[in-house]
Amino acid sequence: MEPKFIALALLLLLLVAWARVGGRDRGPRLLLASTLGLLLGAGTIKVLLGATGYLPNTGALRLLSSVERQMHEALADPSVERILLLEGSSYSARGVDGPLLAKLMSRDGPRTAMVQVSLDGANHFERSWVLGNALRSLDPAEKARLQSVDLVLLSEIQHQYDIDPFNGFERNLHTNRTFSYMSPVNAWAGLRAVHSVGAEAPLSAWALLPSVLSHAAINAFSIGMAYRSTKLEDVSPRNGYNPLHKRKKRFRYHGDMKPVIARVEELNRTGVEPRPRLAWLAGIKEARFRGLLDGAIDEVVHYAVPSTDPNDLEYVSGFCAAPSPEPCIGYADPALLKRLDRRADWNDRRHMRVGGARKYTEWFAGRLQRVLQEQGR
Amino acid sequence: MIFTSGAFLVFFLVVYAVYWILRGRRTRIYWLLLGSQFFYAWWDWRFLGLMWFAILTCHFGAIMVARGRAPRLAMATSIVALLGVLAYFKYFNFFVGSAVQLLESLGLGASPFVLQIILPVGISFFTFEAIAYVVDVWRKEVKPQDNIAHTAMYISFFPHLLAGPIIRPHDFMPQLEQEKRFNGADLLIGMRLFLIGFIYKAVFSDNISPFVDEVYADVHLFDNTSLAMATLGFYAQIYFDFAGYSTMAIGVARMFGYWFPRNFNYPYRSVNVTEFWRRWHISLSSWLRDYLYIPLGGNRGGESKRRRNLMLTMLLGGLWHGASWNFVLWGGLHGLALNVHKSFTRWAGRVGGIAIPAVVGTAAAWLLTQVFVYATWIPFRAEGFRDTWDVFRAISGLRDDAGLRTASIPYLLIFAPLVVDTFVVSFLDTGPRAAARSQGQLRLALAFGIAFAFLLFMMPLEVTSFIYFQF
């Protein structure tokens, strides 16, 4: 416990012990006043933490530090005409080589910068927490520049994260990680998202309610933040692209991609049944990103990173087949998948190694370039 | 569900709001009773039956005593039943284990026989309260309750249920007959006490405990300074932990319109061990006096019997804290010190006092008392006699600590709260003073709310249980 907090606690003890209590006032007014005091105190702490640059000390801070740096660099470079804002989970953190993507996009099109908000196990709410904090660090000139540059949001499609908006929350329950992003606003949006998913979601909004509320309260009142916060400048940045060089222990690749390729070929013959897009993805997820960026997004492109899990393929193919004005880049390309049918490309069933990421990124850059050209960009 | 957890805050808000919305004394009592059962069941619902065994035993025991049908037998049966349950759950394995060890030390082989028994939380507290009720009815100090809900409230009212203070029937039962009115005084007094307790527990004790736990987990690894400071840390921790919990309990009860007696009165100000026991865990020491020391004979029968009674009381009081010989040793040392102090006082009275300046005498007495209290926390905290002896040797400088680890010692966190609480807060806390005016009260309520927000900010999220839960 830092000396300043010990001093504060002692001061509070002295003040409370000294307080003259009693009197004949009616309770309700006092109850209201104390509640108001609690809210006022909590608000003051939030403001003080924000003003002094303290944030909850979680692994996501390393990504935040990198995202902030990428943003400042992109906005400071006058030659940058386009920014790709890529958001995703571990699939894209392992599978999309952001710097390579920016390089390839710049080679074949306008000068492009990359801001990669990809993090292992991060659901939408954690990603938007990272992005929101990064955006807060922009000065007015940078904000204005963000409005003028061509901003493309690359939004990940992933079965688990889409049908379970709180994916990862239960797994990391009562950790600094979940306390940090579960603000009351995120809690409310998340519960609405889970409710809108309906029976497909692993847990109902009602089942999640107690733990979500307790996290939101801890977040709102900054409970224990004296011990679980740090300054961003004390954190070493970690890029959103976080390649894997080795395979996972006990993982053996036995041509796992072959059934996926066979299924893609079958779908190409028979056609894909469109899957109605989950309402929360547009109504909450995308809308929140648009809100965070204050309308700066010029284009939204959905993308999916390949995996050897056939369920992922079914979901992505159905999602991309659904009619939508927003382009969708799935991975149902037998040529790509055949290139990825190598043991050296996989860390486990769902995550690529560095070699696989390179192949996919090169393929993805080509597709993205074409899609953006089709959109007149 | 402990007072510094989120679950408790939600529970409290619901119970509190509904309690004051409800109309009528009885309805409110039933509501509090229901809330209290939920509170206890939150920990382990299976032991609700055990608590109700205590409630039923003391309720019907008291009725039989009052009706005059073999009252002594009824009282004795109730006490034996209550203590029997306590002995089974708390001391069965301890005594069996000790007997096996004794037989083995005598060269007689004995197979260890241990039952998997969970210690029900709060059992020592509600058992003592139940005994007090039956005995007080027998002594005609209180009337028996016809309504079992009142007895159940006395035993299970949630603020004191898990870790005291040990409530006495003559303090509590009459309050059940009073109509409660929602008023600002009770609210502010309750909030003030809750905040003080919260600072003690959630800010001071919970922040000191990791250091103490680390060092005491393996006393052989740490050097003499670390052990001396860890013991001082425990000296601070146990006080802030237990006094904090008690103070919060008193505050919570007050917000419902119930008054609980004070349980701690700045014990580290004491200048002798007798005074220490008048200031430390007051509800236990007065219970032991009234239901153990006096029935054993108290001061009657001469000096040697008085000494014996005091020693027995303190040994059993030590054992009450837990099934371990270390607690017995702790109680025995305090019993010895109480007897020495009584003898010294008598001798000093006979010789007409000691010719030293009052300030020097008081300072020396304070230092001696606190060093003794500090030293006796060693067996209380250590795991077994071997660790106790090791810590004693280390602190006395009798142990070579070359090559041993030095822990990271939070000096300021240990010293500052102790010094401020003992030498400043204890003098500010002079009991009820002139009440604030209406505007002042509003500002005070606002300030309490702000203070609570800052305390939440400083509360570690890893909620540690109260030390006294295990007792």
# chains A, B, ... in the order shown; residues from 1 in each chain; ligands from 1
call {"tool": "select_by_dssp", "arguments": {"residues": "range 172-252 of chain A", "states": "helix (DSSP H, G or I)", "output": "JSON, numbers by chain"}}
result
{"A": [176, 177, 178, 179, 180, 181, 184, 185, 186, 187, 188, 189, 190, 191, 192, 193, 194, 195, 196, 197, 198, 199, 200, 205, 206, 207, 208, 209, 210, 211, 212, 213, 214, 215, 216, 217, 218, 219, 220, 232, 233, 234]}
call {"tool": "residues_around", "arguments": {"residues": "range 407-415 of chain B", "least_positions_apart": "3", "cutoff": "7 Å", "atoms": "only C-alpha atoms", "output": "mmCIF file with N, CA, C and O atoms, in the first residue's frame"}}
result
data_model
loop_
_atom_site.group_PDB
_atom_site.id
_atom_site.type_symbol
_atom_site.label_atom_id
_atom_site.label_comp_id
_atom_site.auth_asym_id
_atom_site.auth_seq_id
_atom_site.Cartn_x
_atom_site.Cartn_y
_atom_site.Cartn_z
ATOM 1 N N ILE A 6 -2.060 5.290 2.572
ATOM 2 C CA ILE A 6 -2.088 5.124 4.034
ATOM 3 C C ILE A 6 -2.473 6.458 4.667
ATOM 4 O O ILE A 6 -3.322 6.514 5.563
ATOM 5 N N ILE B 208 -2.358 -5.485 5.686
ATOM 6 C CA ILE B 208 -1.245 -5.992 6.503
ATOM 7 C C ILE B 208 -1.155 -7.516 6.377
ATOM 8 O O ILE B 208 -0.062 -8.094 6.384
ATOM 9 N N PHE B 222 12.536 -17.037 7.467
ATOM 10 C CA PHE B 222 12.719 -15.585 7.577
ATOM 11 C C PHE B 222 13.618 -15.198 8.757
ATOM 12 O O PHE B 222 13.646 -15.889 9.778
ATOM 13 N N SER B 226 12.325 -9.849 10.290
ATOM 14 C CA SER B 226 11.065 -10.139 9.592
ATOM 15 C C SER B 226 10.053 -10.735 10.574
ATOM 16 O O SER B 226 8.868 -10.378 10.555
ATOM 17 N N GLY B 233 3.039 -6.910 12.997
ATOM 18 C CA GLY B 233 1.983 -6.838 11.974
ATOM 19 C C GLY B 233 0.744 -7.572 12.437
ATOM 20 O O GLY B 233 -0.381 -7.079 12.262
ATOM 21 N N ALA B 236 -1.155 -5.676 15.008
ATOM 22 C CA ALA B 236 -2.027 -4.673 14.376
ATOM 23 C C ALA B 236 -3.183 -5.345 13.656
ATOM 24 O O ALA B 236 -4.347 -4.954 13.791
ATOM 25 N N LEU B 418 -1.486 2.005 13.815
ATOM 26 C CA LEU B 418 -1.454 1.695 15.247
ATOM 27 C C LEU B 418 -1.274 2.960 16.079
ATOM 28 O O LEU B 418 -1.995 3.193 17.059
ATOM 29 N N VAL B 419 -0.315 3.760 15.651
ATOM 30 C CA VAL B 419 0.000 4.977 16.418
ATOM 31 C C VAL B 419 -1.178 5.949 16.366
ATOM 32 O O VAL B 419 -1.622 6.475 17.394
#
call {"tool": "interface_residues", "arguments": {"of": "chain B", "to": "chain A", "cutoff": "8 Å", "atoms": "only C-alpha atoms", "output": "ChimeraX atom specification"}}
result
/B:6,182-189,192,195-196,199,203,207,412-413,416-417,420,424-425,428-429,432-438,441-461
call {"tool": "residues_around", "arguments": {"residues": "range 255-271 of chain B", "least_positions_apart": "5", "cutoff": "7 Å", "atoms": "only C-alpha atoms", "output": "list in words"}}
result
Pro165, Gln175, Lys180, Asp186, Leu187, Gly190, Ala243, Ser246, Ile250, Phe276, Arg279, Trp280, His281, Ile282, Ser283, Thr362, Ala365, Trp366, Thr369, Gln370, Thr422 and Ser426 of chain B
call {"tool": "residues_around", "arguments": {"residues": "range 143-147 of chain A", "least_positions_apart": "5", "cutoff": "8 Å", "atoms": "only C-alpha atoms", "output": "list of chain:residue names"}}
result
A:Leu75, A:Leu138, A:Gly295, A:Ala296
call {"tool": "select_by_dssp", "arguments": {"residues": "range 45-139 of chain A", "states": "strand (DSSP E)", "output": "list in words"}}
result
Tyr54, Leu55, Pro56, Arg82, Ile83, Leu84, Leu85, Leu86, Glu87, Gly88, Thr112, Ala113, Met114, Val115, Gln116, Val117 and Ser118 of chain A
call {"tool": "write_last_selection", "arguments": {"atoms": "C-alpha atoms", "output": "PDB file, in the first residue's frame"}}
result
ATOM      1  CA  TYR A  54      -3.974   5.596 -14.242  1.00  0.00           C
ATOM      2  CA  LEU A  55      -5.667   2.581 -15.829  1.00  0.00           C
ATOM      3  CA  PRO A  56      -6.498  -0.906 -14.552  1.00  0.00           C
ATOM      4  CA  ARG A  82      -5.906   5.315 -45.418  1.00  0.00           C
ATOM      5  CA  ILE A  83      -6.006   3.742 -41.969  1.00  0.00           C
ATOM      6  CA  LEU A  84      -7.052   0.137 -41.511  1.00  0.00           C
ATOM      7  CA  LEU A  85      -8.485  -0.330 -38.055  1.00  0.00           C
ATOM      8  CA  LEU A  86      -8.504  -4.062 -37.510  1.00  0.00           C
ATOM      9  CA  GLU A  87     -10.328  -5.441 -34.498  1.00  0.00           C
ATOM     10  CA  GLY A  88     -10.357  -9.067 -33.483  1.00  0.00           C
ATOM     11  CA  THR A 112      -1.987   2.753 -45.756  1.00  0.00           C
ATOM     12  CA  ALA A 113      -1.347   2.592 -42.008  1.00  0.00           C
ATOM     13  CA  MET A 114      -2.473  -0.138 -39.696  1.00  0.00           C
ATOM     14  CA  VAL A 115      -3.984   0.016 -36.219  1.00  0.00           C
ATOM     15  CA  GLN A 116      -4.465  -3.515 -34.955  1.00  0.00           C
ATOM     16  CA  VAL A 117      -6.758  -4.044 -31.968  1.00  0.00           C
ATOM     17  CA  SER A 118      -6.437  -7.824 -31.705  1.00  0.00           C
TER      18      SER A 118
END
call {"tool": "atom_distance", "arguments": {"atom1": "CA of Pro210 in chain B", "atom2": "CA of Ser183 in chain A"}}
result
28.8 Å
call {"tool": "residues_around", "arguments": {"residues": "range 239-256 of chain A", "least_positions_apart": "4", "cutoff": "6 Å", "atoms": "only C-alpha atoms", "output": "PyMOL selection string"}}
result
chain A and resi 63+66+93-94+97+116-118+308+343+347-348+353-354
call {"tool": "decode", "arguments": {"residues": "range 168-269 of chain A", "atoms": "C-alpha atoms", "output": "compact mmCIF listing (two decimals), in the first residue's frame"}}
result
# COMPACT_ATOMS: atom_id res chain seq x y z
CA GLY A 168 -14.17 -14.99 -22.16
CA PHE A 169 -15.98 -13.17 -19.37
CA GLU A 170 -16.98 -16.28 -17.46
CA ARG A 171 -13.54 -17.79 -17.98
CA ASN A 172 -11.84 -14.73 -16.49
CA LEU A 173 -14.46 -13.98 -13.89
CA HIS A 174 -13.32 -11.86 -10.95
CA THR A 175 -10.05 -10.90 -12.54
CA ASN A 176 -8.64 -7.48 -13.16
CA ARG A 177 -9.17 -8.15 -16.85
CA THR A 178 -12.95 -8.41 -16.59
CA PHE A 179 -13.23 -5.66 -13.97
CA SER A 180 -11.42 -3.27 -16.29
CA TYR A 181 -13.73 -3.41 -19.30
CA MET A 182 -17.06 -4.17 -17.63
CA SER A 183 -18.16 -0.60 -17.17
CA PRO A 184 -21.87 -0.04 -16.52
CA VAL A 185 -22.24 1.08 -20.16
CA ASN A 186 -20.52 -2.06 -21.46
CA ALA A 187 -22.50 -4.22 -19.02
CA TRP A 188 -25.79 -2.81 -20.26
CA ALA A 189 -24.79 -3.10 -23.93
CA GLY A 190 -23.51 -6.63 -23.35
CA LEU A 191 -26.65 -7.81 -21.62
CA ARG A 192 -28.72 -6.36 -24.45
CA ALA A 193 -26.46 -8.15 -26.94
CA VAL A 194 -26.77 -11.48 -25.14
CA HIS A 195 -30.53 -11.03 -24.93
CA SER A 196 -30.73 -10.33 -28.65
CA VAL A 197 -28.72 -13.48 -29.50
CA GLY A 198 -31.35 -15.48 -27.63
CA ALA A 199 -31.18 -19.25 -27.29
CA GLU A 200 -27.95 -19.55 -29.27
CA ALA A 201 -25.99 -17.78 -26.54
CA PRO A 202 -24.40 -20.21 -24.05
CA LEU A 203 -25.77 -18.27 -21.07
CA SER A 204 -28.85 -16.12 -20.88
CA ALA A 205 -28.70 -12.47 -19.88
CA TRP A 206 -30.50 -13.40 -16.66
CA ALA A 207 -27.90 -16.02 -15.79
CA LEU A 208 -25.11 -13.53 -16.41
CA LEU A 209 -26.81 -10.69 -14.61
CA PRO A 210 -25.37 -11.17 -11.07
CA SER A 211 -21.76 -11.46 -12.17
CA VAL A 212 -22.11 -8.70 -14.76
CA LEU A 213 -23.68 -6.38 -12.20
CA SER A 214 -21.05 -7.10 -9.59
CA HIS A 215 -18.32 -6.38 -12.15
CA ALA A 216 -20.04 -3.21 -13.26
CA ALA A 217 -20.25 -2.05 -9.64
CA ILE A 218 -16.58 -2.80 -9.06
CA ASN A 219 -15.75 -0.90 -12.23
CA ALA A 220 -18.05 2.05 -11.54
CA PHE A 221 -16.88 2.54 -7.96
CA SER A 222 -13.22 1.82 -8.81
CA ILE A 223 -13.15 -0.74 -6.00
CA GLY A 224 -9.59 -1.71 -5.15
CA MET A 225 -8.17 0.49 -7.91
CA ALA A 226 -5.56 1.77 -5.49
CA TYR A 227 -3.80 -1.58 -5.91
CA ARG A 228 -4.74 -2.62 -9.42
CA SER A 229 -3.90 0.37 -11.52
CA THR A 230 -0.83 1.57 -13.33
CA LYS A 231 0.26 4.24 -15.76
CA LEU A 232 0.36 3.35 -19.42
CA GLU A 233 3.87 4.72 -19.76
CA ASP A 234 5.07 2.04 -17.30
CA VAL A 235 3.81 -0.72 -19.58
CA SER A 236 5.81 -2.17 -22.47
CA PRO A 237 3.74 -2.20 -25.66
CA ARG A 238 2.77 -5.41 -27.40
CA ASN A 239 1.61 -5.36 -30.98
CA GLY A 240 -1.83 -6.56 -31.94
CA TYR A 241 -0.09 -9.00 -34.23
CA ASN A 242 1.46 -11.50 -31.92
CA PRO A 243 2.83 -14.37 -34.00
CA LEU A 244 3.27 -17.91 -32.79
CA HIS A 245 6.44 -19.73 -33.68
CA LYS A 246 5.83 -23.14 -32.16
CA ARG A 247 3.00 -25.58 -32.11
CA LYS A 248 1.01 -26.14 -28.98
CA LYS A 249 2.04 -29.04 -26.77
CA ARG A 250 0.07 -32.19 -27.52
CA PHE A 251 -1.24 -30.72 -30.80
CA ARG A 252 -0.65 -32.95 -33.78
CA TYR A 253 -1.62 -31.81 -37.25
CA HIS A 254 -3.09 -34.73 -39.17
CA GLY A 255 -4.29 -32.98 -42.30
CA ASP A 256 -6.98 -31.22 -40.33
CA MET A 257 -7.56 -28.77 -43.16
CA LYS A 258 -8.62 -31.46 -45.63
CA PRO A 259 -12.22 -31.82 -44.43
CA VAL A 260 -12.53 -28.04 -44.50
CA ILE A 261 -11.30 -27.90 -48.09
CA ALA A 262 -13.70 -30.70 -49.03
CA ARG A 263 -16.56 -28.81 -47.43
CA VAL A 264 -15.62 -25.58 -49.24
CA GLU A 265 -15.60 -27.41 -52.56
CA GLU A 266 -18.96 -28.91 -51.74
CA LEU A 267 -20.38 -25.49 -50.79
CA ASN A 268 -19.01 -24.02 -54.00
CA ARG A 269 -20.96 -26.67 -55.89
